[in-house]
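Structure file structure39.pdb with PDB, C-alpha atoms and all ligand atoms:
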```
ATOM      1  CA  MET M   1      15.365  22.189 -40.950
ATOM      2  CA  ARG M   2      15.193  23.206 -37.308
ATOM      3  CA  GLU M   3      12.279  21.851 -35.353
ATOM      4  CA  VAL M   4       9.846  24.009 -33.442
ATOM      5  CA  TYR M   5       9.424  23.255 -29.778
ATOM      6  CA  PRO M   6       6.453  25.315 -28.529
ATOM      7  CA  GLN M   7       7.372  24.636 -24.922
ATOM      8  CA  TYR M   8      10.888  26.038 -25.394
ATOM      9  CA  GLY M   9      10.237  28.722 -27.964
ATOM     10  CA  MET M  10      10.984  28.787 -31.676
ATOM     11  CA  GLY M  11      14.166  27.175 -32.766
ATOM     12  CA  SER M  12      15.544  26.496 -29.328
ATOM     13  CA  ASN M  13      17.172  23.155 -28.890
ATOM     14  CA  PRO M  14      16.421  21.789 -25.448
ATOM     15  CA  THR M  15      18.400  18.652 -25.869
ATOM     16  CA  GLY M  16      21.860  17.263 -26.040
ATOM     17  CA  PRO M  17      24.369  16.703 -23.317
ATOM     18  CA  THR M  18      25.879  20.038 -22.389
ATOM     19  CA  ASN M  19      29.025  19.821 -20.360
ATOM     20  CA  HIS M  20      29.796  22.032 -17.441
ATOM     21  CA  LYS M  21      33.369  23.055 -17.033
ATOM     22  CA  ASN M  22      33.753  20.205 -14.597
ATOM     23  CA  GLY M  23      32.443  17.750 -17.173
ATOM     24  CA  SER M  24      29.049  16.943 -15.608
ATOM     25  CA  LEU M  25      25.847  16.958 -17.592
ATOM     26  CA  LYS M  26      23.420  19.803 -17.131
ATOM     27  CA  GLY M  27      19.757  20.704 -17.726
ATOM     28  CA  PRO M  28      18.469  18.945 -20.815
ATOM     29  CA  SER M  29      20.321  15.698 -20.152
ATOM     30  CA  SER M  30      19.137  15.306 -16.583
ATOM     31  CA  LEU M  31      16.500  12.939 -15.231
ATOM     32  CA  PRO M  32      13.909  15.760 -14.763
ATOM     33  CA  PHE M  33      14.403  16.628 -18.409
ATOM     34  CA  CYS M  34      13.842  13.015 -19.425
ATOM     35  CA  LEU M  35      10.713  12.848 -17.280
ATOM     36  CA  CYS M  36       9.308  16.064 -18.805
ATOM     37  CA  ALA M  37      10.159  14.955 -22.317
ATOM     38  CA  SER M  38       8.596  11.564 -21.841
ATOM     39  CA  THR M  39       5.448  13.181 -20.360
ATOM     40  CA  ARG M  40       5.243  15.449 -23.416
ATOM     41  CA  MET M  41       5.563  12.416 -25.648
ATOM     42  CA  LYS M  42       2.845  10.596 -23.708
ATOM     43  CA  LYS M  43       0.538  13.606 -24.059
ATOM     44  CA  TRP M  44       1.375  13.779 -27.744
ATOM     45  CA  LEU M  45       0.478  10.107 -28.174
ATOM     46  CA  GLU M  46      -2.835  10.646 -26.370
ATOM     47  CA  ALA M  47      -3.697  13.956 -28.138
ATOM     48  CA  SER M  48      -6.240  14.033 -30.913
ATOM     49  CA  PRO M  49      -5.650  15.670 -33.295
ATOM     50  CA  ARG M  50      -1.885  15.667 -32.885
ATOM     51  CA  LYS M  51      -0.700  19.202 -33.454
ATOM     52  CA  TYR M  52       3.026  19.028 -34.086
ATOM     53  CA  PRO M  53       5.401  16.116 -34.553
ATOM     54  CA  PRO M  54       7.200  14.970 -31.414
ATOM     55  CA  SER M  55      10.873  15.770 -31.313
ATOM     56  CA  PHE M  56      13.364  12.994 -31.695
ATOM     57  CA  HIS M  57      14.519  13.595 -28.133
ATOM     58  CA  ASP M  58      11.020  13.448 -26.706
ATOM     59  CA  LYS M  59      10.631  10.088 -28.396
ATOM     60  CA  GLU M  60      14.001   8.989 -27.067
ATOM     61  CA  ALA M  61      13.178  10.050 -23.523
ATOM     62  CA  TYR M  62       9.776   8.376 -23.698
ATOM     63  CA  TYR M  63      11.250   5.048 -24.709
ATOM     64  CA  LEU M  64      13.965   5.369 -22.104
ATOM     65  CA  ILE M  65      11.576   6.107 -19.239
ATOM     66  CA  VAL M  66       8.546   4.054 -20.231
ATOM     67  CA  LYS M  67      10.129   1.062 -21.910
ATOM     68  CA  CYS M  68      13.809   0.667 -21.091
ATOM     69  CA  LEU M  69      13.952   1.585 -17.406
ATOM     70  CA  PRO M  70      11.206  -0.822 -16.262
ATOM     71  CA  PHE M  71      12.803  -3.550 -18.384
ATOM     72  CA  ALA M  72      16.234  -2.902 -16.872
ATOM     73  CA  TYR M  73      14.732  -2.720 -13.387
ATOM     74  CA  ASN M  74      12.981  -6.076 -13.805
ATOM     75  CA  LYS M  75      16.089  -7.715 -15.222
ATOM     76  CA  TYR M  76      18.150  -6.369 -12.343
ATOM     77  CA  PHE M  77      15.802  -7.768  -9.738
ATOM     78  CA  LYS M  78      15.586 -11.117 -11.464
ATOM     79  CA  LEU M  79      19.338 -11.498 -11.674
ATOM     80  CA  SER M  80      20.608  -9.710  -8.614
ATOM     81  CA  LYS M  81      20.577 -10.965  -5.062
ATOM     82  CA  TYR M  82      20.834  -7.415  -3.741
ATOM     83  CA  ASP M  83      18.455  -4.488  -3.811
ATOM     84  CA  LEU M  84      19.390  -0.990  -4.912
ATOM     85  CA  VAL M  85      20.808  -0.073  -1.516
ATOM     86  CA  GLY M  86      22.833  -3.259  -1.229
ATOM     87  CA  ARG M  87      20.534  -5.235   1.082
ATOM     88  CA  LYS M  88      20.336  -8.965   0.431
ATOM     89  CA  MET M  89      16.986  -9.760  -1.152
ATOM     90  CA  LEU M  90      14.744 -12.725  -0.496
ATOM     91  CA  LYS M  91      15.689 -15.926  -2.196
ATOM     92  CA  THR M  92      13.048 -17.466  -4.387
ATOM     93  CA  ALA M  93      11.871 -21.034  -4.708
ATOM     94  CA  VAL M  94       9.267 -22.812  -6.744
ATOM     95  CA  ILE M  95       7.813 -26.159  -5.698
ATOM     96  CA  ILE M  96       6.343 -28.161  -8.549
ATOM     97  CA  TYR M  97       4.604 -31.398  -7.679
ATOM     98  CA  TRP M  98       2.252 -34.045  -8.953
ATOM     99  CA  SER M  99       0.088 -35.950  -6.481
ATOM    100  CA  LYS M 100      -2.755 -38.394  -7.074
ATOM    101  CA  THR M 101      -3.713 -39.430  -3.547
ATOM    102  CA  GLY M 102      -2.326 -36.500  -1.535
ATOM    103  CA  ASN M 103       0.926 -37.803  -0.024
ATOM    104  CA  THR M 104       3.231 -35.758  -2.222
ATOM    105  CA  LYS M 105       1.021 -32.718  -1.779
ATOM    106  CA  LYS M 106       1.445 -32.947   2.023
ATOM    107  CA  VAL M 107       5.210 -33.131   1.652
ATOM    108  CA  ALA M 108       5.183 -30.188  -0.773
ATOM    109  CA  SER M 109       3.331 -28.082   1.826
ATOM    110  CA  ALA M 110       5.809 -29.051   4.568
ATOM    111  CA  ILE M 111       8.704 -28.051   2.303
ATOM    112  CA  LYS M 112       6.979 -24.756   1.564
ATOM    113  CA  GLU M 113       6.611 -24.019   5.285
ATOM    114  CA  GLY M 114      10.267 -24.880   5.924
ATOM    115  CA  LEU M 115      11.494 -22.652   3.118
ATOM    116  CA  GLU M 116       9.270 -19.780   4.182
ATOM    117  CA  ASP M 117      10.563 -20.061   7.743
ATOM    118  CA  THR M 118      14.052 -19.413   6.396
ATOM    119  CA  GLY M 119      12.962 -16.361   4.433
ATOM    120  CA  PHE M 120      12.399 -17.838   0.990
ATOM    121  CA  LYS M 121       9.655 -16.476  -1.210
ATOM    122  CA  VAL M 122       7.899 -19.656  -2.371
ATOM    123  CA  SER M 123       5.481 -20.486  -5.181
ATOM    124  CA  LEU M 124       3.682 -23.802  -4.951
ATOM    125  CA  LYS M 125       2.461 -25.242  -8.266
ATOM    126  CA  THR M 126       1.091 -28.471  -9.631
ATOM    127  CA  THR M 127       2.579 -29.790 -12.869
ATOM    128  CA  GLU M 128      -0.505 -28.521 -14.717
ATOM    129  CA  GLU M 129       0.031 -25.007 -13.375
ATOM    130  CA  SER M 130       3.740 -24.902 -14.000
ATOM    131  CA  GLY M 131       4.145 -25.081 -17.796
ATOM    132  CA  ASP M 132       5.164 -21.427 -18.182
ATOM    133  CA  ILE M 133       7.641 -21.393 -15.318
ATOM    134  CA  ASP M 134      11.277 -20.726 -16.152
ATOM    135  CA  TYR M 135      13.398 -22.694 -13.665
ATOM    136  CA  PHE M 136      16.248 -20.242 -14.167
ATOM    137  CA  ASP M 137      14.166 -17.509 -12.511
ATOM    138  CA  TYR M 138      14.523 -19.248  -9.127
ATOM    139  CA  ASP M 139      17.306 -19.916  -6.666
ATOM    140  CA  LEU M 140      15.758 -23.253  -5.786
ATOM    141  CA  VAL M 141      13.453 -25.520  -7.773
ATOM    142  CA  CYS M 142      11.792 -28.323  -5.781
ATOM    143  CA  ILE M 143      10.277 -31.195  -7.735
ATOM    144  CA  GLY M 144       7.961 -33.711  -6.079
ATOM    145  CA  PHE M 145       6.221 -36.835  -7.341
ATOM    146  CA  PRO M 146       5.270 -40.354  -6.276
ATOM    147  CA  SER M 147       7.151 -43.373  -7.517
ATOM    148  CA  TYR M 148       5.123 -45.252 -10.114
ATOM    149  CA  GLU M 149       6.913 -48.444 -11.015
ATOM    150  CA  TRP M 150      10.256 -46.856 -10.172
ATOM    151  CA  HIS M 151       9.626 -43.899 -12.433
ATOM    152  CA  PRO M 152       8.117 -40.459 -12.060
ATOM    153  CA  PRO M 153       4.469 -40.541 -13.229
ATOM    154  CA  LYS M 154       3.828 -39.560 -16.832
ATOM    155  CA  PRO M 155       2.658 -35.947 -16.229
ATOM    156  CA  MET M 156       5.884 -35.194 -14.346
ATOM    157  CA  ALA M 157       8.102 -37.030 -16.839
ATOM    158  CA  ASP M 158       6.421 -35.243 -19.758
ATOM    159  CA  LEU M 159       6.873 -31.850 -18.107
ATOM    160  CA  LEU M 160      10.566 -32.444 -17.449
ATOM    161  CA  LYS M 161      11.184 -33.750 -20.958
ATOM    162  CA  SER M 162       9.512 -30.749 -22.569
ATOM    163  CA  LYS M 163      11.505 -28.343 -20.357
ATOM    164  CA  LEU M 164      14.746 -30.121 -21.205
ATOM    165  CA  ASN M 165      13.974 -29.921 -24.941
ATOM    166  CA  LYS M 166      13.261 -26.217 -24.609
ATOM    167  CA  HIS M 167      16.495 -25.598 -22.720
ATOM    168  CA  ARG M 168      18.427 -27.700 -25.220
ATOM    169  CA  LYS M 169      17.171 -25.459 -28.047
ATOM    170  CA  GLU M 170      18.225 -22.418 -26.012
ATOM    171  CA  GLY M 171      21.745 -23.840 -25.765
ATOM    172  CA  ARG M 172      21.519 -24.366 -22.029
ATOM    173  CA  VAL M 173      22.387 -28.055 -22.124
ATOM    174  CA  LYS M 174      26.156 -27.995 -22.338
ATOM    175  CA  LEU M 175      28.758 -30.735 -22.611
ATOM    176  CA  GLY M 176      30.256 -31.421 -19.217
ATOM    177  CA  ALA M 177      27.138 -29.879 -17.581
ATOM    178  CA  PRO M 178      28.961 -26.956 -15.898
ATOM    179  CA  LYS M 179      27.274 -25.872 -12.674
ATOM    180  CA  ILE M 180      25.551 -22.506 -12.632
ATOM    181  CA  PRO M 181      26.224 -20.752  -9.318
ATOM    182  CA  GLY M 182      23.062 -20.115  -7.305
ATOM    183  CA  LYS M 183      20.845 -22.533  -9.253
ATOM    184  CA  ASN M 184      19.713 -25.403  -7.056
ATOM    185  CA  ALA M 185      17.197 -28.204  -7.154
ATOM    186  CA  LEU M 186      15.640 -30.386  -4.473
ATOM    187  CA  ILE M 187      13.983 -33.651  -5.434
ATOM    188  CA  PHE M 188      11.352 -35.330  -3.282
ATOM    189  CA  CYS M 189       9.725 -38.629  -4.045
ATOM    190  CA  THR M 190       7.026 -40.389  -2.043
ATOM    191  CA  TYR M 191       6.786 -44.165  -2.244
ATOM    192  CA  SER M 192       5.255 -47.159  -0.516
ATOM    193  CA  GLY M 193       7.909 -49.761  -1.310
ATOM    194  CA  PRO M 194       5.649 -52.809  -0.927
ATOM    195  CA  HIS M 195       8.053 -55.144  -2.731
ATOM    196  CA  THR M 196      11.631 -53.903  -2.377
ATOM    197  CA  GLY M 197      11.348 -50.811  -0.178
ATOM    198  CA  ILE M 198      13.206 -47.608  -0.985
ATOM    199  CA  ASP M 199      14.799 -49.247  -4.044
ATOM    200  CA  GLU M 200      11.421 -48.714  -5.705
ATOM    201  CA  ALA M 201      11.854 -44.962  -5.383
ATOM    202  CA  THR M 202      15.541 -44.165  -5.836
ATOM    203  CA  PRO M 203      15.560 -44.905  -9.607
ATOM    204  CA  ALA M 204      12.787 -42.311 -10.044
ATOM    205  CA  GLY M 205      14.714 -39.729  -8.017
ATOM    206  CA  LYS M 206      17.971 -40.377  -9.882
ATOM    207  CA  TYR M 207      16.173 -40.126 -13.212
ATOM    208  CA  VAL M 208      14.662 -36.737 -12.330
ATOM    209  CA  ARG M 209      18.004 -35.572 -10.959
ATOM    210  CA  GLN M 210      19.505 -35.897 -14.425
ATOM    211  CA  PHE M 211      17.114 -33.310 -15.872
ATOM    212  CA  PHE M 212      18.462 -30.704 -13.458
ATOM    213  CA  GLU M 213      22.103 -31.694 -13.673
ATOM    214  CA  HIS M 214      21.900 -31.450 -17.468
ATOM    215  CA  ILE M 215      20.953 -27.766 -17.202
ATOM    216  CA  GLY M 216      23.674 -26.931 -14.692
ATOM    217  CA  PHE M 217      21.627 -27.028 -11.478
ATOM    218  CA  THR M 218      23.120 -28.389  -8.273
ATOM    219  CA  VAL M 219      20.858 -31.030  -6.769
ATOM    220  CA  VAL M 220      21.119 -30.248  -3.078
ATOM    221  CA  ASP M 221      19.244 -33.337  -1.914
ATOM    222  CA  GLU M 222      16.939 -36.176  -2.852
ATOM    223  CA  LEU M 223      14.253 -36.887  -0.242
ATOM    224  CA  TYR M 224      12.490 -40.255  -0.260
ATOM    225  CA  ILE M 225       9.378 -40.278   1.898
ATOM    226  CA  LEU M 226       7.697 -43.515   2.893
ATOM    227  CA  SER M 227       3.955 -43.087   2.397
ATOM    228  CA  GLU M 228       0.726 -45.042   2.619
ATOM    229  CA  PHE M 229      -0.414 -46.804  -0.546
ATOM    230  CA  HIS M 230      -3.964 -45.433  -0.606
ATOM    231  CA  GLY M 231      -6.587 -47.834  -1.923
ATOM    232  CA  MET M 232      -4.301 -50.897  -1.535
ATOM    233  CA  GLU M 233      -4.594 -51.945   2.129
ATOM    234  CA  GLU M 234      -2.404 -55.017   1.718
ATOM    235  CA  PHE M 235       0.402 -52.965   0.207
ATOM    236  CA  SER M 236       0.244 -50.640   3.230
ATOM    237  CA  THR M 237       0.208 -53.388   5.864
ATOM    238  CA  LYS M 238       1.909 -56.529   4.539
ATOM    239  CA  GLY M 239       4.591 -55.167   2.262
ATOM    240  CA  LYS M 240       8.331 -54.896   2.850
ATOM    241  CA  MET M 241       7.926 -51.685   4.897
ATOM    242  CA  GLY M 242       5.308 -53.122   7.278
ATOM    243  CA  ASP M 243       2.375 -51.053   8.453
ATOM    244  CA  ILE M 244       2.720 -47.687   6.756
ATOM    245  CA  ARG M 245      -0.855 -46.511   7.124
ATOM    246  CA  GLY M 246      -1.166 -42.800   7.897
ATOM    247  CA  LYS M 247       2.260 -41.973   6.498
ATOM    248  CA  PRO M 248       3.595 -39.394   6.042
ATOM    249  CA  SER M 249       2.519 -38.709   9.651
ATOM    250  CA  ASP M 250       2.551 -35.292  11.307
ATOM    251  CA  ASP M 251       5.888 -36.238  12.866
ATOM    252  CA  ASP M 252       7.290 -37.175   9.466
ATOM    253  CA  LEU M 253       6.164 -33.827   8.067
ATOM    254  CA  THR M 254       7.672 -31.924  10.987
ATOM    255  CA  LYS M 255      10.971 -33.707  10.407
ATOM    256  CA  ILE M 256      10.869 -32.872   6.698
ATOM    257  CA  LYS M 257      10.245 -29.234   7.571
ATOM    258  CA  LYS M 258      13.235 -29.204   9.957
ATOM    259  CA  ASP M 259      15.490 -30.883   7.371
ATOM    260  CA  VAL M 260      14.450 -28.294   4.799
ATOM    261  CA  ILE M 261      15.173 -25.445   7.223
ATOM    262  CA  ASN M 262      18.691 -26.863   7.716
ATOM    263  CA  LEU M 263      19.216 -27.289   4.047
ATOM    264  CA  ALA M 264      17.862 -23.863   3.087
ATOM    265  CA  GLY M 265      20.143 -22.222   5.632
ATOM    266  CA  LYS M 266      23.120 -23.476   3.636
ATOM    267  CA  LEU M 267      21.983 -22.035   0.294
TER     268      LEU M 267
HETATM  269  C1  LIG T 301      -0.271 -46.655 -10.215
HETATM  270  C2  LIG T 301       0.610 -46.667  -8.989
HETATM  271  C3  LIG T 301       1.855 -47.240  -9.057
HETATM  272  C4  LIG T 301       2.690 -47.249  -7.951
HETATM  273  N1  LIG T 301       3.915 -47.824  -8.044
HETATM  274  C5  LIG T 301       4.715 -47.823  -6.970
HETATM  275  C6  LIG T 301       6.003 -48.434  -7.045
HETATM  276  O1  LIG T 301       6.412 -48.961  -8.060
HETATM  277  N2  LIG T 301       6.793 -48.418  -5.938
HETATM  278  C7  LIG T 301       6.386 -47.816  -4.785
HETATM  279  O2  LIG T 301       7.145 -47.799  -3.832
HETATM  280  N3  LIG T 301       5.159 -47.240  -4.680
HETATM  281  C8  LIG T 301       4.329 -47.236  -5.753
HETATM  282  N4  LIG T 301       3.090 -46.647  -5.664
HETATM  283  C9  LIG T 301       2.711 -46.002  -4.401
HETATM  284  C10 LIG T 301       2.928 -44.506  -4.466
HETATM  285  O3  LIG T 301       4.194 -44.200  -4.958
HETATM  286  C11 LIG T 301       2.803 -43.874  -3.095
HETATM  287  O4  LIG T 301       1.666 -44.281  -2.425
HETATM  288  C12 LIG T 301       2.830 -42.376  -3.206
HETATM  289  O5  LIG T 301       3.064 -41.822  -1.957
HETATM  290  C13 LIG T 301       1.541 -41.787  -3.759
HETATM  291  O6  LIG T 301       1.690 -40.391  -3.876
HETATM  292  P1  LIG T 301       0.472 -39.418  -3.985
HETATM  293  O7  LIG T 301      -0.419 -39.649  -2.806
HETATM  294  O8  LIG T 301       1.081 -38.067  -3.953
HETATM  295  O9  LIG T 301      -0.203 -39.700  -5.275
HETATM  296  C14 LIG T 301       2.241 -46.654  -6.735
HETATM  297  C15 LIG T 301       0.976 -46.069  -6.688
HETATM  298  C16 LIG T 301       0.171 -46.124  -7.777
HETATM  299  C17 LIG T 301      -1.199 -45.516  -7.685
END
```

Would you give me this structure, written as C-alpha cells?
Ligand SMILES: Cc1cc2nc3c(=O)[nH]c(=O)nc-3n(C[C@H](O)[C@H](O)[C@H](O)COP(=O)(O)O)c2cc1C
Amino acid sequence: MREVYPQYGMGSNPTGPTNHKNGSLKGPSSLPFCLCASTRMKKWLEASPRKYPPSFHDKEAYYLIVKCLPFAYNKYFKLSKYDLVGRKMLKTAVIIYWSKTGNTKKVASAIKEGLEDTGFKVSLKTTEESGDIDYFDYDLVCIGFPSYEWHPPKPMADLLKSKLNKHRKEGRVKLGAPKIPGKNALIFCTYSGPHTGIDEATPAGKYVRQFFEHIGFTVVDELYILSEFHGMEEFSTKGKMGDIRGKPSDDDLTKIKKDVINLAGKL
C-alpha cells in the first residue's frame, strides 16, 4: 500500500536517491531533505494526538540527524587530532592525584600550569573524582601520589587496580604490551626519603608505571619530588635528605613547570 504524505500530496514518494545524469544525488536525498524530514518526525513525536503514521524515511532521517550525526561528531573529535578544516586541535591531559598533606597537590597544580602553557586542555582530578574517567580519552594521563612505605597509598593503588581489571576485561591488556601511538603517561611521586632518600620513592613510581605500560601507554617520565614530611619534624630535618622543610619550594615548582613545558613540547 502506498503511504500518504500530506506535505507532498497523495501518493507522491519524496524519498529515495534519484540520480542526475551525472550521477549526483538530487532533492530528496540531500541534507535539506533530511533536515525537513527529521523536523517532521520530531513534530510527529511531539504531536498529540498523532494524526498519521510517520513515513519510514522520516524516521530514518530523524535517527540520522538527531542520533547518528552527533554520535559520529563526538567520536570524530575524541579520536581525531584535527578539526573539520584540518587544523590541529588542542591536546588533552588529565591529572589524577592523591594528596594527604598538600605536597602532591602543589606539584599537580604546577604540572597543570606547565601543560596549559603549551596549549593542553587539562582536567585536574583527585582519585575520588576520577573513577569514571577513561584514560584512553586523553593524550596524556598524569598520575601523582606520595610514597607511603615505597608504595603508592591505598586509594591510588586501588584506583589503578580497578582500572587495570576493567581494561583487562575489555581486552586492552595485550601480551607484549604493544604501544598505542599518542597515548602517554607521566608519573609524579613526592617523597621525604628520611631513611634511604629517593630509593624510598622509585619503587612506588616503577610500580605505577607498570599499570600504564600494561595498557599500551608510553610513560614519558617519572618525576620524584623531594618534599617536607609534614607532622614529623625530625624526618624533615635529621633524615638522609637533610633539612627539607618548605619543600617543594616555589623554585622547585617553577622548575617542575619548566620541565613539563619541555616535555609537553615533544608530545
Ligand atoms: C603514612 C606515611 C608514610 C610515609 N612513608 C614514606 C616513605 O616510606 N618514604 C618516604 O620517602 N616518604 C614517606 N612519607 C612522606 C611522604 O611521602 C611525603 O611527605 C609526601 O610528600 C606527602 O605527600 P602529600 O603532602 O601529598 O600527602 C610518608 C608519609 C606518611 C604520612

Practice task
Taking the file above as input, evaluate the PyMOL selection byres (((not hetatm)) within 7 of (chain T and resi 301)) and report the hits as a PyMOL selection string.
Solution key: chain M and resi 98-105+145-150+190-194+197-198+200-201+226-230

Give one line per residue of stretch 81-154 of chain M that approaches stretch 213-218 of chain M to at most 10 Å, naming the two atoms of the closest pair and their distance in Å to one decimal, counting only C-alpha atoms; sort by chain then ascending residue number and deliver it as CSV.
```
residue,atom,partner,partner_atom,distance
M:Tyr135,CA,M:Phe217,CA,9.6
M:Phe136,CA,M:Phe217,CA,9.1
M:Asp139,CA,M:Phe217,CA,9.6
M:Leu140,CA,M:Phe217,CA,9.0
M:Val141,CA,M:Phe217,CA,9.1
```

Practice task
Given the file shown, determine the residues that the PyMOL selection byres (((chain M and resi 90) around 7) and not hetatm) selects; report them as a list in words.
Solution key: Lys88, Met89, Lys91, Thr92, Gly119, Phe120 and Lys121 of chain M

Can I get the selection written as a PDB file, in the coordinates of the input, with C-alpha atoms?
```
ATOM      1  CA  LYS M  88      20.336  -8.965   0.431  1.00  0.00           C
ATOM      2  CA  MET M  89      16.986  -9.760  -1.152  1.00  0.00           C
ATOM      3  CA  LYS M  91      15.689 -15.926  -2.196  1.00  0.00           C
ATOM      4  CA  THR M  92      13.048 -17.466  -4.387  1.00  0.00           C
ATOM      5  CA  GLY M 119      12.962 -16.361   4.433  1.00  0.00           C
ATOM      6  CA  PHE M 120      12.399 -17.838   0.990  1.00  0.00           C
ATOM      7  CA  LYS M 121       9.655 -16.476  -1.210  1.00  0.00           C
TER       8      LYS M 121
END
```

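Atom to atom, atom CA of M:Lys240 and atom CA of M:Thr196 stand 6.3 Å apart.
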
Check which residues of stretch 59-160 of chain M sit at most 7 Å from stretch 245-265 of chain M using all atoms listed in the file, and return one row each with the closest pair of atoms and their distance in Å to one decimal, ordered by chain and rising number, as a Markdown table.
```
| residue | atom | partner | partner_atom | distance |
| --- | --- | --- | --- | --- |
| M:Asn103 | CA | M:Pro248 | CA | 6.8 |
| M:Val107 | CA | M:Leu253 | CA | 6.5 |
| M:Ala110 | CA | M:Lys257 | CA | 5.4 |
| M:Ile111 | CA | M:Lys257 | CA | 5.6 |
| M:Glu113 | CA | M:Lys257 | CA | 6.8 |
| M:Gly114 | CA | M:Lys257 | CA | 4.7 |
| M:Leu115 | CA | M:Ile261 | CA | 6.2 |
| M:Thr118 | CA | M:Ile261 | CA | 6.2 |
```

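Picture a line from atom CA of M:Ala37 to atom CA of M:Pro54; it runs 9.6 Å.
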
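Here atom CA of M:Phe188 and atom CA of M:Asn165 stand 22.5 Å from one another.
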